[in-house]
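The file upload.cif contains mmCIF, C-alpha atoms:
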data_run
#
loop_
_atom_site.label_atom_id
_atom_site.label_comp_id
_atom_site.auth_asym_id
_atom_site.auth_seq_id
_atom_site.Cartn_x
_atom_site.Cartn_y
_atom_site.Cartn_z
CA MET A 1 125.39 92.73 95.93
CA THR A 2 127.51 90.93 93.34
CA THR A 3 128.29 91.34 89.71
CA HIS A 4 126.86 88.05 88.68
CA ASN A 5 125.07 88.54 85.44
CA ASP A 6 122.01 86.66 84.48
CA ASP A 7 122.68 83.57 82.48
CA HIS A 8 121.05 84.64 79.27
CA ALA A 9 123.83 84.90 76.76
CA GLU A 10 122.44 84.76 73.30
CA GLY A 11 124.12 83.54 70.19
CA PRO A 12 124.79 80.27 68.46
CA SER A 13 127.37 79.11 70.96
CA ARG A 14 126.66 78.97 74.64
CA ARG A 15 130.24 78.47 75.65
CA LYS A 16 130.96 80.83 78.44
CA VAL A 17 134.57 81.62 78.81
CA LEU A 18 134.34 83.08 82.25
CA GLU A 19 131.42 83.46 84.56
CA CYS A 20 131.58 86.55 86.65
CA MET A 21 134.75 86.88 88.55
CA THR A 22 136.02 89.32 91.01
CA TRP A 23 139.77 89.63 90.95
CA ALA A 24 141.24 90.69 94.22
CA GLY A 25 144.60 89.08 94.31
CA THR A 26 147.93 89.48 92.64
CA GLY A 27 148.43 89.44 88.94
CA VAL A 28 147.47 86.25 87.20
CA LEU A 29 147.82 85.87 83.50
CA TRP A 30 144.86 84.41 81.71
CA THR A 31 144.88 83.71 78.09
CA VAL A 32 142.24 82.25 75.93
CA ALA A 33 142.84 79.50 73.45
CA GLY A 34 139.89 78.20 71.55
CA GLY A 35 137.50 79.86 73.96
CA VAL A 36 138.78 78.09 77.05
CA PRO A 37 140.64 80.09 79.66
CA ALA A 38 144.00 78.76 80.73
CA SER A 39 146.00 80.11 83.57
CA LEU A 40 149.64 80.52 82.68
CA GLY A 41 150.94 80.86 86.20
CA ILE A 42 152.74 83.82 87.63
CA ILE A 43 153.40 86.93 85.65
CA ASP A 44 157.05 86.46 84.85
CA GLU A 45 156.67 83.00 83.30
CA ALA A 46 153.62 84.13 81.44
CA VAL A 47 155.32 87.18 80.07
CA ALA A 48 158.12 85.04 78.71
CA ALA A 49 155.73 82.52 77.20
CA GLU A 50 153.32 84.95 75.63
CA GLN A 51 154.54 86.39 72.39
CA LYS A 52 152.70 87.54 69.35
CA GLY A 53 149.67 89.62 69.48
CA PHE A 54 149.31 93.33 69.80
CA THR A 55 149.33 94.70 73.33
CA PHE A 56 148.17 97.94 74.87
CA LEU A 57 147.82 99.14 78.44
CA GLN A 58 145.00 100.47 80.53
CA ILE A 59 145.69 102.80 83.46
CA SER A 60 143.05 104.68 85.35
CA ASP A 61 142.10 107.04 88.16
CA SER A 62 145.41 108.74 88.86
CA HIS A 63 143.58 111.46 90.87
CA MET A 64 146.57 113.79 90.79
CA GLY A 65 146.02 116.23 93.66
CA PHE A 66 144.48 113.77 96.13
CA ASP A 67 146.34 113.89 99.42
CA LYS A 68 144.21 112.27 102.10
CA PRO A 69 145.19 109.35 104.38
CA ALA A 70 144.17 106.65 101.89
CA ASN A 71 147.26 107.73 99.91
CA PRO A 72 149.04 110.98 100.76
CA ASN A 73 151.34 110.59 97.76
CA VAL A 74 149.50 109.73 94.58
CA LYS A 75 152.34 111.23 92.57
CA SER A 76 154.67 108.55 93.84
CA THR A 77 152.33 105.65 93.11
CA LEU A 78 151.69 106.95 89.60
CA GLU A 79 155.47 107.16 89.11
CA GLU A 80 155.76 103.56 90.23
CA ALA A 81 153.05 102.48 87.84
CA ILE A 82 154.81 104.19 84.94
CA ALA A 83 158.10 102.65 86.02
CA ARG A 84 156.39 99.27 85.70
CA VAL A 85 155.33 100.23 82.21
CA GLN A 86 158.87 101.19 81.29
CA ALA A 87 160.10 97.85 82.64
CA LEU A 88 157.83 95.72 80.47
CA PRO A 89 159.94 93.40 78.31
CA ALA A 90 157.88 94.01 75.20
CA LYS A 91 156.84 97.60 74.60
CA PRO A 92 153.05 97.97 74.31
CA SER A 93 151.60 99.81 71.34
CA PHE A 94 149.93 102.56 73.37
CA MET A 95 148.12 103.30 76.59
CA ILE A 96 144.49 104.04 77.40
CA HIS A 97 143.64 106.16 80.45
CA THR A 98 140.07 105.63 81.59
CA GLY A 99 139.72 108.94 83.40
CA ASP A 100 139.98 110.84 86.69
CA ILE A 101 143.43 111.92 85.61
CA SER A 102 143.15 114.86 88.02
CA HIS A 103 141.39 115.09 91.36
CA LEU A 104 140.02 118.63 91.19
CA SER A 105 140.55 119.54 87.51
CA LYS A 106 143.34 121.96 88.37
CA ALA A 107 145.83 122.86 85.67
CA SER A 108 148.73 121.91 87.96
CA GLU A 109 147.21 118.47 88.51
CA PHE A 110 146.79 117.82 84.81
CA ASP A 111 150.35 119.04 84.23
CA GLU A 112 151.85 116.83 86.89
CA ALA A 113 150.01 113.71 85.72
CA GLU A 114 151.00 114.37 82.13
CA ASN A 115 154.67 114.82 83.01
CA ILE A 116 154.78 111.49 84.77
CA ILE A 117 152.77 109.58 82.17
CA ALA A 118 154.98 110.99 79.41
CA ARG A 119 157.91 109.05 80.85
CA ALA A 120 156.35 105.88 79.47
CA ARG A 121 157.00 107.26 75.99
CA LEU A 122 153.75 105.91 74.65
CA ASP A 123 150.82 107.48 72.90
CA VAL A 124 148.01 107.83 75.42
CA HIS A 125 144.31 107.87 74.59
CA TYR A 126 142.24 109.49 77.32
CA VAL A 127 138.62 109.62 78.32
CA PRO A 128 137.54 111.91 81.16
CA GLY A 129 136.28 111.00 84.61
CA GLU A 130 133.90 113.18 86.60
CA HIS A 131 136.88 114.61 88.49
CA ASP A 132 138.22 115.98 85.21
CA PHE A 133 135.18 118.21 84.64
CA ILE A 134 135.16 120.10 87.93
CA ASP A 135 136.63 123.41 86.73
CA PRO A 136 133.84 126.02 86.50
CA GLU A 137 133.75 126.14 82.70
CA GLN A 138 134.62 122.47 82.23
CA LYS A 139 137.24 123.29 79.66
CA LEU A 140 140.62 122.30 81.04
CA TYR A 141 140.26 118.63 80.13
CA ARG A 142 139.01 119.43 76.65
CA GLU A 143 141.79 121.92 76.03
CA ARG A 144 144.33 119.22 76.68
CA TYR A 145 142.70 116.06 75.43
CA GLY A 146 139.76 117.18 73.34
CA ARG A 147 141.46 117.69 70.03
CA GLY A 148 139.78 115.61 67.35
CA THR A 149 136.99 114.54 69.62
CA LYS A 150 133.28 115.26 69.48
CA GLY A 151 130.88 116.63 72.06
CA ALA A 152 132.28 116.22 75.56
CA GLY A 153 135.23 114.25 74.20
CA TRP A 154 134.19 111.03 72.45
CA TYR A 155 136.09 109.58 69.50
CA SER A 156 137.25 106.39 67.82
CA PHE A 157 140.36 105.11 66.11
CA ASP A 158 141.73 101.95 64.59
CA ALA A 159 144.90 100.13 65.54
CA ASN A 160 146.15 96.77 64.32
CA GLY A 161 142.75 95.93 62.90
CA VAL A 162 140.95 96.62 66.18
CA HIS A 163 138.44 99.44 66.41
CA PHE A 164 138.74 101.54 69.59
CA ILE A 165 135.92 103.73 70.83
CA GLY A 166 136.39 106.28 73.64
CA LEU A 167 133.10 107.30 75.26
CA VAL A 168 132.24 109.99 77.81
CA ASN A 169 129.66 109.08 80.44
CA VAL A 170 130.39 111.67 83.11
CA VAL A 171 128.54 114.78 81.91
CA ASP A 172 124.87 115.83 82.17
CA LEU A 173 124.42 113.57 85.13
CA LYS A 174 120.91 113.58 86.54
CA ALA A 175 119.96 113.57 90.19
CA GLY A 176 119.78 110.08 91.62
CA GLY A 177 121.17 108.69 88.41
CA LEU A 178 124.17 106.75 87.18
CA GLY A 179 126.60 107.60 84.41
CA ASN A 180 125.12 109.03 81.22
CA LEU A 181 126.06 108.77 77.56
CA GLY A 182 123.27 110.89 76.08
CA ALA A 183 121.37 110.80 72.80
CA GLU A 184 123.93 112.68 70.72
CA GLN A 185 126.78 110.37 71.66
CA LEU A 186 124.65 107.25 71.16
CA GLU A 187 123.68 108.41 67.69
CA TRP A 188 127.32 109.07 66.89
CA LEU A 189 128.23 105.58 68.14
CA GLU A 190 125.56 103.90 66.04
CA ASP A 191 126.85 105.71 63.00
CA ASP A 192 130.50 105.03 63.84
CA VAL A 193 130.07 101.24 63.82
CA LYS A 194 127.35 100.95 61.20
CA GLU A 195 129.51 99.97 58.24
CA ARG A 196 131.98 97.83 60.10
CA SER A 197 132.35 94.12 59.67
CA ALA A 198 131.02 92.07 62.58
CA SER A 199 134.34 90.28 62.71
CA GLN A 200 136.29 93.40 63.55
CA PRO A 201 137.19 93.35 67.24
CA ILE A 202 135.85 96.32 69.15
CA VAL A 203 137.29 97.87 72.30
CA VAL A 204 135.15 100.46 74.08
CA PHE A 205 136.59 102.52 76.90
CA ALA A 206 134.81 104.92 79.24
CA HIS A 207 135.23 106.04 82.83
CA ILE A 208 132.13 104.79 84.66
CA PRO A 209 131.35 101.08 84.17
CA LEU A 210 129.09 100.39 81.24
CA TRP A 211 127.42 97.59 83.14
CA THR A 212 125.56 97.86 86.40
CA VAL A 213 128.10 96.99 89.05
CA TYR A 214 126.35 98.55 92.05
CA PRO A 215 123.60 101.14 91.49
CA ALA A 216 123.40 102.23 95.15
CA TRP A 217 126.87 103.71 94.70
CA GLY A 218 126.23 105.06 91.21
CA TRP A 219 128.40 102.35 89.66
CA GLY A 220 126.70 101.95 86.31
CA THR A 221 125.53 103.89 83.25
CA GLU A 222 121.84 104.73 82.67
CA ASP A 223 121.80 104.29 78.92
CA SER A 224 124.62 101.80 78.38
CA ALA A 225 122.14 99.16 77.18
CA ARG A 226 121.56 101.27 74.09
CA ALA A 227 125.28 101.53 73.45
CA LEU A 228 125.75 97.80 73.83
CA GLY A 229 122.77 97.26 71.57
CA HIS A 230 124.65 98.99 68.75
CA LEU A 231 127.55 96.58 69.34
CA LYS A 232 125.52 93.42 69.67
CA ARG A 233 126.32 92.04 66.24
CA PHE A 234 130.09 92.16 66.73
CA GLY A 235 131.88 88.93 67.50
CA SER A 236 134.35 90.39 69.97
CA VAL A 237 133.67 93.37 72.18
CA THR A 238 135.86 94.39 75.10
CA VAL A 239 134.70 97.11 77.47
CA LEU A 240 137.34 98.80 79.61
CA ASN A 241 136.28 101.05 82.47
CA GLY A 242 137.65 102.65 85.63
CA HIS A 243 135.93 104.69 88.34
CA ILE A 244 135.55 101.93 90.94
CA HIS A 245 139.25 101.57 91.76
CA GLN A 246 139.25 97.77 91.76
CA VAL A 247 139.33 95.01 89.25
CA MET A 248 136.04 93.50 88.23
CA GLN A 249 135.41 91.42 85.19
CA LYS A 250 132.32 90.02 83.60
CA VAL A 251 131.68 88.11 80.43
CA GLU A 252 128.31 88.20 78.78
CA GLY A 253 128.08 86.53 75.39
CA ASN A 254 130.58 88.23 73.11
CA VAL A 255 131.25 91.08 75.49
CA THR A 256 134.01 91.12 78.08
CA PHE A 257 133.76 93.88 80.69
CA HIS A 258 136.79 94.85 82.73
CA THR A 259 137.47 97.58 85.26
CA ALA A 260 140.99 98.58 86.23
CA ARG A 261 142.66 99.40 89.49
CA SER A 262 143.50 103.00 90.28
CA THR A 263 147.08 104.19 90.59
CA ALA A 264 145.97 106.46 93.47
CA PHE A 265 143.81 104.73 96.09
CA PRO A 266 141.58 101.67 96.43
CA GLN A 267 137.85 101.73 97.03
CA PRO A 268 135.76 99.15 98.88
CA ALA A 269 134.04 96.23 97.22
CA PRO A 270 130.33 96.88 96.65
CA GLY A 271 128.32 96.96 99.84
CA THR A 272 131.27 96.31 102.14
CA ALA A 273 131.49 99.88 103.44
CA PRO A 274 129.04 102.72 104.14
CA SER A 275 130.17 104.59 101.03
CA PRO A 276 132.37 104.16 97.95
CA GLY A 277 134.98 106.64 99.17
CA PRO A 278 138.75 106.15 99.37
CA MET A 279 139.58 103.07 101.39
CA LYS A 280 142.39 103.27 103.88
CA VAL A 281 144.44 100.09 104.13
CA PRO A 282 147.68 99.30 106.00
CA ALA A 283 150.61 101.07 104.33
CA ASP A 284 152.30 97.83 103.34
CA LYS A 285 149.16 96.68 101.59
CA LEU A 286 148.39 99.82 99.58
CA ARG A 287 150.48 99.02 96.54
CA SER A 288 148.99 95.58 96.17
CA MET A 289 145.65 97.27 95.56
CA LEU A 290 146.86 99.74 92.94
CA GLY A 291 148.02 98.80 89.48
CA ILE A 292 147.84 98.77 85.71
CA ALA A 293 146.34 96.41 83.17
CA ARG A 294 147.78 94.98 80.00
CA VAL A 295 145.48 93.88 77.20
CA THR A 296 146.62 91.59 74.41
CA PHE A 297 144.84 90.86 71.20
CA LYS A 298 145.74 87.71 69.39
CA GLN A 299 144.63 87.10 65.87
CA ASN A 300 141.62 84.77 65.59
CA GLU A 301 140.98 84.74 69.29
CA GLN A 302 137.66 86.14 70.29
CA ARG A 303 138.60 87.45 73.68
CA LEU A 304 141.40 89.77 74.49
CA ALA A 305 143.67 88.61 77.25
CA ILE A 306 143.63 91.05 80.13
CA ILE A 307 146.34 90.96 82.76
CA ASP A 308 146.01 93.09 85.87
CA THR A 309 149.32 93.79 87.53
CA PRO A 310 149.43 95.37 90.98
CA LEU A 311 152.25 97.72 91.94
CA GLN A 312 153.41 95.17 94.47
CA GLY A 313 152.83 91.51 95.04
CA MET B 1 104.82 168.02 133.80
CA ILE B 2 108.13 166.49 132.81
CA ILE B 3 107.33 163.34 134.75
CA GLY B 4 104.01 163.08 132.93
CA MET B 5 105.76 163.27 129.55
CA LYS B 6 108.26 160.60 130.56
CA LYS B 7 105.45 158.24 131.43
CA LEU B 8 103.92 158.87 128.04
CA LEU B 9 107.18 158.10 126.29
CA LEU B 10 107.75 154.93 128.27
CA SER B 11 104.33 153.62 127.43
CA THR B 12 104.84 154.08 123.69
CA VAL B 13 108.35 152.63 123.44
CA PRO B 14 107.44 148.94 123.88
CA ALA B 15 104.86 149.08 121.09
CA VAL B 16 107.39 150.56 118.69
CA ALA B 17 109.91 147.93 119.67
CA VAL B 18 107.48 145.10 119.00
CA ILE B 19 106.70 146.39 115.53
CA ALA B 20 110.36 146.67 114.75
CA ILE B 21 110.99 143.06 115.71
CA LEU B 22 108.14 141.73 113.58
CA THR B 23 109.27 143.44 110.42
CA ALA B 24 112.91 142.43 110.96
CA ALA B 25 112.22 138.71 111.62
CA PRO B 26 112.22 137.23 108.09
CA ALA B 27 115.53 138.76 107.07
CA GLY B 28 118.48 136.30 107.44
CA ALA B 29 117.55 135.13 110.88
CA GLU B 30 118.50 131.44 110.65
CA GLU B 31 121.66 129.72 109.59
CA THR B 32 121.36 125.99 109.07
CA GLN B 33 123.85 123.34 108.15
CA VAL B 34 123.93 120.29 105.95
CA LYS B 35 126.91 118.04 106.54
CA ILE B 36 128.33 115.99 103.73
CA ASP B 37 130.06 112.80 104.75
CA ASN B 38 130.28 109.24 103.45
CA PHE B 39 128.65 110.30 100.19
CA THR B 40 125.55 111.40 102.11
CA PHE B 41 123.87 114.74 102.82
CA SER B 42 122.83 114.97 106.50
CA PRO B 43 120.09 115.73 107.11
CA GLN B 44 118.91 114.39 103.78
CA GLN B 45 115.81 116.57 104.13
CA LEU B 46 116.07 119.91 105.87
CA THR B 47 113.20 122.29 106.59
CA VAL B 48 113.91 125.99 107.00
CA LYS B 49 111.99 129.25 106.98
CA SER B 50 112.14 131.49 103.96
CA GLY B 51 115.04 133.88 104.26
CA ALA B 52 117.22 131.24 105.87
CA THR B 53 120.76 130.61 104.71
CA VAL B 54 121.72 126.97 104.38
CA THR B 55 125.40 126.07 104.56
CA TRP B 56 126.75 122.81 103.21
CA ILE B 57 130.03 121.67 104.71
CA ASN B 58 132.03 118.83 103.20
CA GLN B 59 133.45 116.52 105.84
CA ASP B 60 134.07 113.72 103.40
CA ASP B 61 137.53 112.88 102.13
CA ILE B 62 136.46 113.28 98.51
CA PRO B 63 135.20 116.45 96.78
CA HIS B 64 131.51 117.01 96.12
CA VAL B 65 129.52 119.60 94.16
CA VAL B 66 126.10 120.74 95.40
CA VAL B 67 123.73 121.51 92.54
CA SER B 68 119.98 122.01 92.48
CA ASP B 69 117.97 119.75 90.16
CA VAL B 70 116.85 122.78 88.17
CA ARG B 71 120.20 124.53 88.41
CA GLN B 72 119.01 127.29 90.68
CA PHE B 73 122.18 127.03 92.69
CA LYS B 74 125.50 125.31 92.22
CA SER B 75 128.59 125.23 94.35
CA ASN B 76 132.18 125.07 93.22
CA ALA B 77 134.00 121.83 93.90
CA LEU B 78 133.98 121.45 97.66
CA ASP B 79 137.03 119.65 98.95
CA THR B 80 137.26 118.51 102.58
CA ASP B 81 136.25 121.35 104.95
CA ASP B 82 135.04 123.61 102.12
CA LYS B 83 131.63 125.26 102.50
CA PHE B 84 128.88 126.53 100.26
CA SER B 85 125.97 128.73 101.34
CA PHE B 86 122.72 129.67 99.66
CA THR B 87 119.91 131.87 100.97
CA PHE B 88 116.41 130.64 100.25
CA SER B 89 114.08 133.63 100.04
CA THR B 90 111.13 131.92 98.35
CA PRO B 91 109.12 129.12 99.96
CA GLY B 92 109.14 125.84 98.07
CA ILE B 93 110.78 122.44 97.75
CA TYR B 94 114.34 122.48 96.47
CA LYS B 95 115.77 119.15 95.39
CA TYR B 96 119.50 118.95 94.85
CA PHE B 97 122.22 116.37 94.25
CA CYS B 98 125.97 116.04 93.92
CA ALA B 99 127.10 116.78 90.38
CA LEU B 100 129.99 114.34 90.72
CA HIS B 101 128.12 111.54 92.44
CA PRO B 102 124.50 111.95 91.35
CA HIS B 103 123.22 109.09 93.49
CA MET B 104 123.69 111.52 96.43
CA THR B 105 120.49 113.53 96.75
CA GLY B 106 118.92 115.92 99.25
CA ILE B 107 115.97 118.23 99.75
CA ILE B 108 115.58 121.66 101.30
CA VAL B 109 112.00 122.47 102.23
CA VAL B 110 111.48 126.21 102.60
CA GLN B 111 108.43 127.25 104.54
CA ALA B 112 106.87 130.71 104.55
CA ALA B 113 107.99 132.82 107.48
CA THR B 114 105.27 133.07 110.15
CA GLY B 115 103.92 136.18 111.87
CA SER B 116 101.21 138.68 110.95
CA ASN B 117 103.66 141.08 109.36
CA ALA B 118 105.23 138.40 107.17
CA PRO B 119 105.43 139.42 103.50
CA ARG B 120 103.38 137.35 101.06
#

As structure tokens - that is how I would like this structure written.
Amino acid sequence: MTTHNDDHAEGPSRRKVLECMTWAGTGVLWTVAGGVPASLGIIDEAVAAEQKGFTFLQISDSHMGFDKPANPNVKSTLEEAIARVQALPAKPSFMIHTGDISHLSKASEFDEAENIIARARLDVHYVPGEHDFIDPEQKLYRERYGRGTKGAGWYSFDANGVHFIGLVNVVDLKAGGLGNLGAEQLEWLEDDVKERSASQPIVVFAHIPLWTVYPAWGWGTEDSARALGHLKRFGSVTVLNGHIHQVMQKVEGNVTFHTARSTAFPQPAPGTAPSPGPMKVPADKLRSMLGIARVTFKQNEQRLAIIDTPLQG
Amino acid sequence: MIIGMKKLLLSTVPAVAVIAILTAAPAGAEETQVKIDNFTFSPQQLTVKSGATVTWINQDDIPHVVVSDVRQFKSNALDTDDKFSFTFSTPGIYKYFCALHPHMTGIIVVQAATGSNAPR
């Protein structure tokens, strides 16, 4: 099963910047000029060349507390990821964490992750993963990261003219189903974007993919079509997700979907294993499959440039 | 005389014993297991008699949470090797799923205990 979307992009222009792509290799910098993607070569050159524009980071799935063979030391790989952040030549504006901060929603796990992430000295905007709502009363995540949010933890904010929307699609899950946003959150979303100009760039972030990556493994969100419907009129929408522990990207009309690598352990590509569980790889390969993503917004460019950087390679 | 009484006693004992067994049968007699591995409940459908205790054991390398569709039972987070047990006293069909990975589903079918002394 692949992520190839049907070719029915609507809108006045049928330019398609990228067809579906699955990124499996080392970091390649893509930027978009005039709607046409151009590869700028390896990371270091690209970093030097690329200047203006406001940049933020996406990290995901730190799973603090996981200790099985796929990665017995998730603390160390998260530290390495944050070290990479600290080493970036130009400091990003902030970081987004797309959930599964902890593995079992234990206070010690949240504490440990927070201590490491704090070393980046950046504001961090979180959304929860299903692993962050495991404590019996489902309150530990909200106690830490729920301030100023609504419902299970959704919210929005503006930065550098871009409107950011954090959604929660990991609660009230139904048997046999996928991720779930729910009526209350969808109504809030509709209201949140109602008065905004269609030319304001939108970035939506949530844990489980907001497009159907692979339903047999629960990789999708039941009611995401309604959410995307509320965003249809906007000229630039970027959707950032986690949960699947690998990079996948899809462009459909004005919407760019992107999932990030985990900093903890990789998971198999859809359909290539009996289940979506942690994937054990040779030790010297592990870090090439973990990483962070850097997203850059350049004025007057429709698509944000997303660069996935592995921990190694 | 004494021998005669002994014979009488011996002939009544088996009947009493049989009655005792029949009334004791439905109470917690079976223990049955559902294994969780590779994001799958095995067996996906399990049939037990009412009064049985089903034990889920997580052999996967990721935690799972067993929850009934109508919230009749719910486990804590089960990490690798953790177990959760529930005793089904009422016959019926109990659908359940994993609260973390809802595409994982299972069914416990609880049949009425058999035997003429079985409670209704």

Neighbour list for A:Arg121 as a ChimeraX atom specification, cut-off 12 Å, all atoms listed in the file, skip fewer than 5 positions in-chain: /A:82-83,85-87,91-95,114-116

Excluding A:Ile306 and residues on its chain fewer than 2 positions from it, collect all residues at most 7 Å away from it, counting only C-alpha atoms, and give them as a short mmCIF file (atom, residue, chain, number, x, y, z; two decimals) with C-alpha atoms, in the coordinates of the input.
data_model
loop_
_atom_site.label_atom_id
_atom_site.label_comp_id
_atom_site.auth_asym_id
_atom_site.auth_seq_id
_atom_site.Cartn_x
_atom_site.Cartn_y
_atom_site.Cartn_z
CA TRP A 30 144.86 84.41 81.71
CA ALA A 293 146.34 96.41 83.17
CA ARG A 294 147.78 94.98 80.00
CA VAL A 295 145.48 93.88 77.20
CA THR A 296 146.62 91.59 74.41
CA LEU A 304 141.40 89.77 74.49
CA ASP A 308 146.01 93.09 85.87
#

Taking the file as shown, find all residues satisfying the PyMOL selection byres ((chain A and resi 143) around 12) and write them as an mmCIF file with C-alpha atoms, keeping the file's coordinate frame.
data_model
loop_
_atom_site.group_PDB
_atom_site.id
_atom_site.type_symbol
_atom_site.label_atom_id
_atom_site.label_comp_id
_atom_site.auth_asym_id
_atom_site.auth_seq_id
_atom_site.Cartn_x
_atom_site.Cartn_y
_atom_site.Cartn_z
ATOM 1 C CA SER A 105 140.550 119.540 87.510
ATOM 2 C CA ALA A 107 145.830 122.860 85.670
ATOM 3 C CA PHE A 110 146.790 117.820 84.810
ATOM 4 C CA ASP A 132 138.220 115.980 85.210
ATOM 5 C CA PHE A 133 135.180 118.210 84.640
ATOM 6 C CA ASP A 135 136.630 123.410 86.730
ATOM 7 C CA GLU A 137 133.750 126.140 82.700
ATOM 8 C CA GLN A 138 134.620 122.470 82.230
ATOM 9 C CA LYS A 139 137.240 123.290 79.660
ATOM 10 C CA LEU A 140 140.620 122.300 81.040
ATOM 11 C CA TYR A 141 140.260 118.630 80.130
ATOM 12 C CA ARG A 142 139.010 119.430 76.650
ATOM 13 C CA ARG A 144 144.330 119.220 76.680
ATOM 14 C CA TYR A 145 142.700 116.060 75.430
ATOM 15 C CA GLY A 146 139.760 117.180 73.340
ATOM 16 C CA ARG A 147 141.460 117.690 70.030
ATOM 17 C CA GLY A 148 139.780 115.610 67.350
ATOM 18 C CA THR A 149 136.990 114.540 69.620
ATOM 19 C CA ALA A 152 132.280 116.220 75.560
ATOM 20 C CA GLY A 153 135.230 114.250 74.200
#

Could you state which residues are captured by the PyMOL selection byres ((chain A) within 8 of (chain B)) in this file, as a PyMOL selection string? chain A and resi 68+104+130-131+134-136+173-178+216-218+274-278

For the provided coordinates, the residues matched by the PyMOL selection byres ((chain B and resi 44-48) around 6) should be stated as a count of residues only. 9

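Counting all atoms listed in the file, B:Ala112 has the following residues at most 8 Å away, ignoring those fewer than 5 positions along the same chain: Lys49, Ser50, Thr90 and Pro91 of chain B.
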
Excluding same-chain residues fewer than 4 positions from A:Lys232, what lies within 9 Å of it counting only C-alpha atoms, as a PDB file with C-alpha atoms, keeping the file's coordinate frame?
ATOM      1  CA  ALA A 227     125.280 101.530  73.450  1.00  0.00           C
ATOM      2  CA  LEU A 228     125.750  97.800  73.830  1.00  0.00           C
ATOM      3  CA  VAL A 237     133.670  93.370  72.180  1.00  0.00           C
ATOM      4  CA  ASN A 254     130.580  88.230  73.110  1.00  0.00           C
ATOM      5  CA  VAL A 255     131.250  91.080  75.490  1.00  0.00           C
TER       6      VAL A 255
END

Write out as JSON, numbers by chain the residues lying within 9 Å of stretch 197-206 of chain A, counting only C-alpha atoms and excluding same-chain residues fewer than 5 positions away. {"A": [96, 97, 98, 99, 126, 127, 128, 129, 156, 161, 162, 163, 164, 165, 166, 167, 168, 169, 170, 231, 233, 234, 235, 236, 237, 238, 239, 240, 241, 242, 297, 302, 303]}

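Shortest separation to A:Gly151 among A:Gly253, A:Pro72, A:Gly182, A:Pro310 occurs at residue A:Gly182, atoms counted being all atoms listed in the file.
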
Point-to-point distance in Å for atom CA of A:Leu210 and atom CA of A:Glu184: 17.0 Å

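Coordinates place atom CA of A:Thr259 at a distance of 11.4 Å from atom CA of A:Gly291.
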
Residues around (121.9, 103.3, 83.7), cut-off 9 Å, counting only C-alpha atoms - what are they as a VMD selection string? chain A and resid 177 to 180 210 to 212 215 218 to 225

Create the file for the chosen residues now, containing C-alpha atoms and written as a PDB file, in the coordinates of the input.
ATOM      1  CA  GLY A 177     121.170 108.690  88.410  1.00  0.00           C
ATOM      2  CA  LEU A 178     124.170 106.750  87.180  1.00  0.00           C
ATOM      3  CA  GLY A 179     126.600 107.600  84.410  1.00  0.00           C
ATOM      4  CA  ASN A 180     125.120 109.030  81.220  1.00  0.00           C
ATOM      5  CA  LEU A 210     129.090 100.390  81.240  1.00  0.00           C
ATOM      6  CA  TRP A 211     127.420  97.590  83.140  1.00  0.00           C
ATOM      7  CA  THR A 212     125.560  97.860  86.400  1.00  0.00           C
ATOM      8  CA  PRO A 215     123.600 101.140  91.490  1.00  0.00           C
ATOM      9  CA  GLY A 218     126.230 105.060  91.210  1.00  0.00           C
ATOM     10  CA  TRP A 219     128.400 102.350  89.660  1.00  0.00           C
ATOM     11  CA  GLY A 220     126.700 101.950  86.310  1.00  0.00           C
ATOM     12  CA  THR A 221     125.530 103.890  83.250  1.00  0.00           C
ATOM     13  CA  GLU A 222     121.840 104.730  82.670  1.00  0.00           C
ATOM     14  CA  ASP A 223     121.800 104.290  78.920  1.00  0.00           C
ATOM     15  CA  SER A 224     124.620 101.800  78.380  1.00  0.00           C
ATOM     16  CA  ALA A 225     122.140  99.160  77.180  1.00  0.00           C
TER      17      ALA A 225
END

Take stretch 274-281 of chain A, bring it up to N, CA and C atoms, and give me the output as a CSV table (one decimal), keeping the file's coordinate frame.
chain,number,residue,atom,x,y,z
A,274,PRO,N,130.2,101.8,104.2
A,274,PRO,CA,129.0,102.7,104.1
A,274,PRO,C,129.0,103.6,102.9
A,275,SER,N,130.2,103.8,102.2
A,275,SER,CA,130.2,104.6,101.0
A,275,SER,C,131.3,104.2,100.2
A,276,PRO,N,131.3,104.6,98.9
A,276,PRO,CA,132.4,104.2,98.0
A,276,PRO,C,133.6,105.0,98.0
A,277,GLY,N,133.8,105.7,99.1
A,277,GLY,CA,135.0,106.6,99.2
A,277,GLY,C,136.3,105.9,99.3
A,278,PRO,N,137.4,106.7,99.3
A,278,PRO,CA,138.8,106.2,99.4
A,278,PRO,C,138.9,105.2,100.6
A,279,MET,N,139.5,104.1,100.3
A,279,MET,CA,139.6,103.1,101.4
A,279,MET,C,141.0,103.1,102.0
A,280,LYS,N,141.1,103.3,103.3
A,280,LYS,CA,142.4,103.3,103.9
A,280,LYS,C,142.8,101.8,104.2
A,281,VAL,N,144.0,101.4,103.8
A,281,VAL,CA,144.4,100.1,104.1
A,281,VAL,C,145.8,100.2,104.8
